[in-house]
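Asks: I have a structure here, written as structure tokens, and I will follow up with some questions on it.
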Amino acid sequence: MREDEQAVNEEHDDTERAGDSTTATMDGPAGTEALPNEETAADPPGPREDGEPSTFEELGLEPRLLEAVRRRGYERPTAIQRRAIPPALAGRDVLGSAQTGTGKTAAFTLPMLQRFSDDEHGTLRGLIVTPTRELARQVEDAVGEYGATMSIEPMVVHGGVPIGPQIEGLEWGCDVLVATPGRLLDHCRRGTVDLSEVQVLVLDEADRMLDMGFIDDVRKIVAQTPDDRQTLLFSATMPNAIKSLAHQIMEDRVEVEVGLEKAAEGIREVIHPVDRVAKHELLLHLLENGMEGQVLVFARTRDTTQYLSDYLERKGVSADALHGGRSQEQRQRSLQAFRDGETRALVATNVAARGLDIRGIRHVVNFDAPRDPRDYVHRVGRTARANETGDALILMAQHEWTYVRDIEKLTGEAIERRAVEGFEPDFTPPPPPELGDDDGEDERETSPLNRGRRRR
């Protein structure tokens with residue numbers, strides 16, 4: 001198999017297959033202790049000229065939820081929260097688009113919990129569908145924290161773990177279920193979950209579910225919920241397939257867009273052109289010269305991820321690997337060690353591109369430029385969270401300039417090219433594209449990941 005073909009098959013290596021009751025061969029890591037916060041800094045105090053609410057109180061949240069928000073240390077809502085929460089509280093369907101790290105979890109969790117605040121508990125009324133188990137666990141944590149003062153019982157189901165304990169938990173009952181598509185459909189087929197009383201359906205990271213081939217599964221899930229449910233669909237990007245899905249499953253919807261398809265504020269971006277064979281040496285050089293704090297490195301394939309982790313360890317840099325080829329227990333240990341600061345560099349495939357929320361990541365290094373430019377936005381969103389700053393680097397070999405060009409066209413921003421002394425490439429890096437010029441679009445190789453099909 002050619003390396004580029006292998007890259008296509010492994011770059012999105014966190015797919016959970018429907019009907020797998022014991023393992024999820026490519027599901028995201030389950031970081032049970034991960035902080036679910038994905039909020040960035042909100043606007044400064046003071047009245048807003050656009051008339052939007054500037055405080056959580058003005059959003060119309062009830063006192064118990066306001067107390068939960070204060071406990072988490074948030075003083076003012078982010079843009080997506082200001083624009084999505086009021087219509088959601090009013091019972092409208094919401095189609096929300098916002099870049100990673102802007103507070104989408106609270107934007108759908110808070111209005112859902114307020115709707116359930118006065119009802120009897122123990123009946124499944126809220127369903128949140130996410131693409132990966134890591135994200136599912138973090139969302140469940142958020143629901144649990146926000147709903148703690150309201151006796152809201154959340155539960156999470158996903159692949160990669162035995163299904164028996166999940167069946168027992170569902171028999172006890174819950175108010176809000178957070179699930180990945182494959183495992184949820186497995187429960188539906190077994191008759192161990194009933195979606196007939198769901199009042200609020202949330203589809204989180206819908207574009208990711210499209211890329212992973214879950215859209216058909218999502219349609220099957222939606223079909224098992226009541227027609228009069230409220231639907232909240234959130235997506236970091238808005239491809240046509242997601243717009244079409246929203247049109248089919250939502251009524252009287254409000255559309256909210258915030259900062260689409262750009263790296264978040266506070267991220268300093270740079271491209272280091274380098275010969276392909278020297279990439280690993282450049283990575284080590286950067287880690288030993290100038291990079292401070294923890295570093296998240298993204299590679300395209302499992303083999304490259306493991307090789308880089310082993311290479312850095314041999315060179316005296318504490319490193320670990322995170323990819324779909326490792327067991328659930330191994331991935332949890334790797335993630336926890338990185339979260340605790342025991343590991344300086346975590347080398348990962350795209351299992352860590354979304355859902356991973358670890359404070360203090362100072363640098364994100366794209367050892368391999370992603371084939372899908374949207375993945376770049378999510379990768380670099382792992383840094384500069386909660387009003388912090390961070391650096392996003394691309395180590396660009398000659399064959400990757402087209403991927404980089406697509407990233408710049410997607411974000412509408414040119415990224416500085418800066419060769420590192422001693423690692424100057426033998427090739428001449430092409431200049432940034434003329435943004436807004438669509439010429440050459442047909443040169444990009446079409447990725448099967450963009451077609452919404454699950455690979456068999």
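Labeling convention for the structure tokens: chains A, B, ... as they appear, residues from 1 per chain, ligands from 1 in order of appearance.
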Write out as a PyMOL selection string the residues lying within 8 Å of region 238-241 of chain A, counting only C-alpha atoms and excluding same-chain residues fewer than 5 positions away.
Replies: chain A and resi 97+207+210
Asks: Skipping near chain neighbours, those fewer than 4 positions away, what residues fall within 10 Å of Gln224 (chain A) using only C-alpha atoms, listed as a list of chain:residue names?
Replies: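 What passes the distance filter is A:Cys188, A:Asp194, A:Leu195, A:Ser196, A:Glu197, A:Val198, A:Arg219, A:Lys220.
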Asks: Which residues are near Pro181 (chain A)? Cut-off 7 Å, only C-alpha atoms, ignore same chain within fewer than 6 positions. Put them as a tab-separated table (two decimals) with N, CA and C atoms, in the first residue's frame.
Replies:
chain	number	residue	atom	x	y	z
A	18	ALA	N	-21.00	0.60	13.87
A	18	ALA	CA	-22.30	0.24	14.45
A	18	ALA	C	-22.34	-1.25	14.70
A	129	VAL	N	-25.73	13.12	20.76
A	129	VAL	CA	-24.96	12.20	19.93
A	129	VAL	C	-23.67	12.88	19.53
A	131	PRO	N	-19.44	12.14	17.89
A	131	PRO	CA	-18.74	11.19	17.03
A	131	PRO	C	-17.75	10.28	17.74
A	214	PHE	N	-20.97	8.49	9.53
A	214	PHE	CA	-22.04	8.19	10.46
A	214	PHE	C	-23.39	8.80	10.07
A	217	ASP	N	-26.27	6.48	10.06
A	217	ASP	CA	-26.60	6.08	11.43
A	217	ASP	C	-27.36	7.18	12.14
A	218	VAL	N	-26.94	8.41	11.93
A	218	VAL	CA	-27.62	9.54	12.56
A	218	VAL	C	-29.08	9.60	12.11
Asks: Name the closest residue to Gln332 (chain A) among the candidates A:Val420, A:Gly73, A:Glu134, A:Arg371; distances are taken between atoms, counting only C-alpha atoms.
Replies: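 Among A:Val420, A:Gly73, A:Glu134, A:Arg371, it is A:Glu134 that comes nearest to Gln332 (chain A).
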Asks: When you look at region 142-148 of chain A with a cut-off of 7 Å (counting only C-alpha atoms), what residues show up, excluding the ones that are within fewer than 5 positions of it in the same chain? I need them as a PyMOL selection string.
Replies: chain A and resi 36+65+68-69+109+113+153-154
Asks: Using only C-alpha atoms, determine which residues lie at most 10 Å from Pro53 (chain A), disregarding the query and same-chain residues fewer than 5 positions distant; provide the list as a PyMOL selection string.
Replies: chain A and resi 47-48+58-60+76-77+79+81-83+86
Asks: Can you tell me, as a CSV table (one decimal) with C-alpha atoms, in the first residue's frame, what residues are no more than 12 Å from Glu342 (chain A) when counting only C-alpha atoms, ignoring any on the same chain fewer than 2 positions away?
Replies:
chain,number,residue,atom,x,y,z
A,293,GLY,CA,5.6,23.5,28.2
A,294,GLN,CA,3.6,20.6,26.8
A,317,VAL,CA,12.1,13.7,25.6
A,318,SER,CA,9.3,12.2,27.6
A,319,ALA,CA,6.7,11.3,25.0
A,320,ASP,CA,3.8,8.9,24.4
A,333,ARG,CA,-3.0,6.0,30.5
A,334,SER,CA,-1.3,8.0,27.8
A,335,LEU,CA,-3.9,10.7,28.0
A,336,GLN,CA,-3.8,10.9,31.8
A,337,ALA,CA,0.0,11.1,31.9
A,338,PHE,CA,-0.1,14.0,29.5
A,339,ARG,CA,-2.9,15.7,31.4
A,340,ASP,CA,-0.9,15.3,34.7
A,344,ARG,CA,5.9,16.4,27.7
A,345,ALA,CA,5.0,15.5,24.1
A,346,LEU,CA,1.9,13.5,23.1
Asks: What's the separation between CA of His363 (chain A) and CA of Leu393 (chain A), in Å to one decimal place?
Replies: 7.7 Å
Asks: Taking the DSSP assignment computed from this structure's backbone, write out as a PyMOL selection string all residues of region 158-366 of chain A that belong to strand (DSSP E).
Replies: chain A and resi 176-179+200-203+230-235+253-258+267-273+294-298+319-322+345-348+361-366
Asks: Quick one: everything within 9 Å of Glu400 (chain A), counting only C-alpha atoms, minus sequence neighbours fewer than 5 positions away in the same chain. Send it as an MDAnalysis selection string.
Replies: chainID A and resid 368:371 405
Asks: Grab the CA of Leu201 (chain A) to CA of Cys174 (chain A) distance for me, in Å with one decimal place.
Replies: 14.7 Å
Asks: Name the residues of region 40-288 of chain A that come out as alpha helix (DSSP H) in a backbone DSSP run; write them as a ChimeraX atom specification.
Replies: /A:56-59,63-71,79-89,104-115,133-146,164-172,181-190,206-211,215-223,240-249,279-288
Asks: Of the candidates A:Met396, A:Val377, A:Val176, A:Val297, which one gets nearest to Thr411 (chain A) if we count only C-alpha atoms?
Replies: A:Val377
Asks: So the first atom is CA of Pro87 (chain A) and the second is CA of Gly381 (chain A); what is the distance between them in Å, to one decimal place?
Replies: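 Distance reported for this atom pair: 26.7 Å.
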Asks: Using only C-alpha atoms, which residue out of A:Glu329, A:Ala321, A:Ile167, A:Ala179 lies closest to Leu308 (chain A)?
Replies: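 The answer is A:Ala321, which sits nearest to Leu308 (chain A).
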Asks: May I ask which of the residues A:Ala88, A:Ala106, A:Leu282, A:Val161 is the closest one to Asp141 (chain A), counting only C-alpha atoms?
Replies: A:Ala106
Asks: From the options A:Arg133, A:Val222, A:Lys279, A:Asp211, which residue's atoms come nearest to Arg183 (chain A), counting only C-alpha atoms?
Replies: A:Arg133
